[in-house]
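Trainee: Supplied in structure tokens, the structure appears directly below.
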Amino acid sequence: MRYTISLLLASLATPALAAPSVVTDIAPVTSLVSQVMGTTGKPTGLLPAGADPHHFQMRPSQAGALQDADLVIWLGPEMTPWLTGPLEAANPDAMLRLLNTSGLHLLSYADDDHDDHDDHGHDDHGEHDHEGHDHEGHDHADHDEDEHHHEGTDPHAWLNPENAVLWLDAIATELSEIDPENAETYRANANAAIAATKELDEKLAAQLAPVADQPIVLFHDAYNYLADHYGLNVAGAISAGDASSPSAARLAEIRASAGPATCIFPEKQHDPKLAQQMADDAGVHLGGALDPEGTSLTQDADLYATMMQDLVDTLTDCMTRKD
């Protein structure tokens, strides 16, 4: 199912002047920025479809776009550590680091019970953030291929739609500050997108509620925000990290926890054979491949809602199977 936001945004006020040049990091962020910019222009997403957001090397043309940007909107080094150096070299006039947004619902990797709600205290709205490079979050570049363990802030915060709502507001505020001629358009677009995101959130919650208590096993530890927000019962993750290969000890642990699970879910861009083998061994269903970063979707304003809906559809399709 695909939610259409672009048509709604196109019906709002037309821009007074051309929008500033905006560069974004990952697809969900590009989608949220596209919603706020609407008809004023399009952000330049650095990551093409299918690219690994944790280990990416920019082409010269992308480095040039970063250098020429009026505004860079990114999650922060916790998600895309490879962007820190180029940002320092480019020294953009403005940078919005979304994981510093005031009031954000943040989770820590160390919190296995997902109850570490952190109303983040850094008010980043409208601030030019050149101080963000030394954040003590997890650096995804430091993977141990066998016994990797995440530490610090979990950056996958877009999987809680309440965070997306805060970001839409922050993006509109920042764009309005650097481009006041189009401020009315940005605010109207953000308000429309916020309303649509809240409506989607309610729909997804209702869809997941009947099956939320069923134990599931996921491919890697990237779904804490989704599980926490919707009350999902995650029995474990095959891989502890975004790029780590599970050790024999971890596989044994997950096989044990997968026994009572309803489904085991592979992930797009990763070989499903291991998940298939574990599902067969445990005698549980193999679900469809999840795409928590929208890497397989068209990068446009609709991507965020489509990605969230696809995730929930894939989960519930398997969790409601009767065979």
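Numbering starts fresh at 1 for the residues of each chain in the structure tokens, the chains themselves are lettered A, B, ... in the order given, and ligands are numbered from 1 as they appear.
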At most 9 Å is the cut-off: for each residue in range 189-299 of chain A with any atom that close to an atom of range 21-27 of chain A, write down the nearest atom pair and the distance in Å rounded to one decimal, counting only C-alpha atoms, chain first then increasing number, as a tab-separated table.

Mentor:
```
residue	atom	partner	partner_atom	distance
A:Glu293	CA	A:Ala27	CA	6.7
A:Gly294	CA	A:Ala27	CA	6.2
A:Thr295	CA	A:Ala27	CA	6.8
A:Leu297	CA	A:Ala27	CA	8.6
A:Thr298	CA	A:Ala27	CA	8.8
A:Gln299	CA	A:Ala27	CA	6.1
```

Trainee: Using only C-alpha atoms, which residues sit within 9 Å of Leu204 in chain A once same-chain residues fewer than 6 positions away are excluded, as a ChimeraX atom specification?

Mentor: /A:230,308-309,312-313

Trainee: Pick from A:Tyr109, A:Ala49, A:Ala196, A:Met95: nearest to Asp302 in chain A, with only C-alpha atoms counted?

Mentor: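 Distance minimum relative to Asp302 in chain A lands on A:Ala196.
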
Trainee: For the atom pair CA of Ala289 in chain A and CA of Lys268 in chain A, what is the interatomic distance in Å to one decimal place?

Mentor: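 Those two atoms sit 5.3 Å apart.
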
Trainee: Considering only C-alpha atoms, return as a PyMOL selection string whatever protein or nucleic-acid residues lie within 8 Å of range 225-227 of chain A, sequence-local ones (same chain, fewer than 2 positions apart) excluded.

Mentor: chain A and resi 107+114+156-160+222-223+229-234

Trainee: Emit the selected residues as a CSV table (one decimal), in the first residue's frame, including N, CA and C atoms.

Mentor:
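The file below, again_16.csv, is the result:
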```csv
chain,number,residue,atom,x,y,z
A,107,LEU,N,16.3,5.9,22.1
A,107,LEU,CA,16.6,4.7,22.8
A,107,LEU,C,18.0,4.4,22.7
A,114,HIS,N,13.8,-1.5,26.1
A,114,HIS,CA,13.2,-0.4,25.3
A,114,HIS,C,12.5,0.6,26.1
A,156,HIS,N,18.2,4.6,14.7
A,156,HIS,CA,17.1,4.2,13.8
A,156,HIS,C,15.8,4.9,14.3
A,157,ALA,N,15.9,6.1,14.6
A,157,ALA,CA,14.8,6.8,15.3
A,157,ALA,C,13.6,7.1,14.4
A,158,TRP,N,13.8,7.0,13.1
A,158,TRP,CA,12.6,7.3,12.2
A,158,TRP,C,11.6,6.2,12.3
A,159,LEU,N,11.9,5.1,12.9
A,159,LEU,CA,10.9,4.0,12.9
A,159,LEU,C,9.8,4.2,14.0
A,160,ASN,N,10.0,5.3,14.7
A,160,ASN,CA,8.9,5.8,15.6
A,160,ASN,C,8.3,7.1,14.9
A,222,ALA,N,17.8,-3.4,14.5
A,222,ALA,CA,17.5,-2.1,14.0
A,222,ALA,C,16.1,-1.7,14.2
A,223,TYR,N,15.3,-2.5,15.0
A,223,TYR,CA,13.9,-2.2,15.0
A,223,TYR,C,13.4,-1.9,16.4
A,229,HIS,N,7.5,1.5,20.2
A,229,HIS,CA,6.4,2.3,19.9
A,229,HIS,C,5.1,1.5,19.8
A,230,TYR,N,5.2,0.4,19.1
A,230,TYR,CA,3.9,-0.4,18.9
A,230,TYR,C,3.8,-1.6,19.8
A,231,GLY,N,4.7,-1.8,20.8
A,231,GLY,CA,4.6,-2.9,21.7
A,231,GLY,C,4.8,-4.2,21.2
A,232,LEU,N,5.7,-4.4,20.2
A,232,LEU,CA,6.0,-5.7,19.6
A,232,LEU,C,6.9,-6.5,20.5
A,233,ASN,N,6.7,-7.8,20.4
A,233,ASN,CA,7.4,-8.8,21.2
A,233,ASN,C,8.6,-9.4,20.4
A,234,VAL,N,9.7,-8.7,20.4
A,234,VAL,CA,10.9,-9.2,19.6
A,234,VAL,C,11.7,-10.2,20.5
```

Trainee: CA of Gly76 in chain A and CA of Leu315 in chain A are how many Å apart?

Mentor: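 Interatomic distance here is 28.4 Å.
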
Trainee: Could you list, as a count of residues only, every residue within 12 Å of Pro272 in chain A, counting only C-alpha atoms and ignoring same-chain residues fewer than 3 positions away?

Mentor: 19
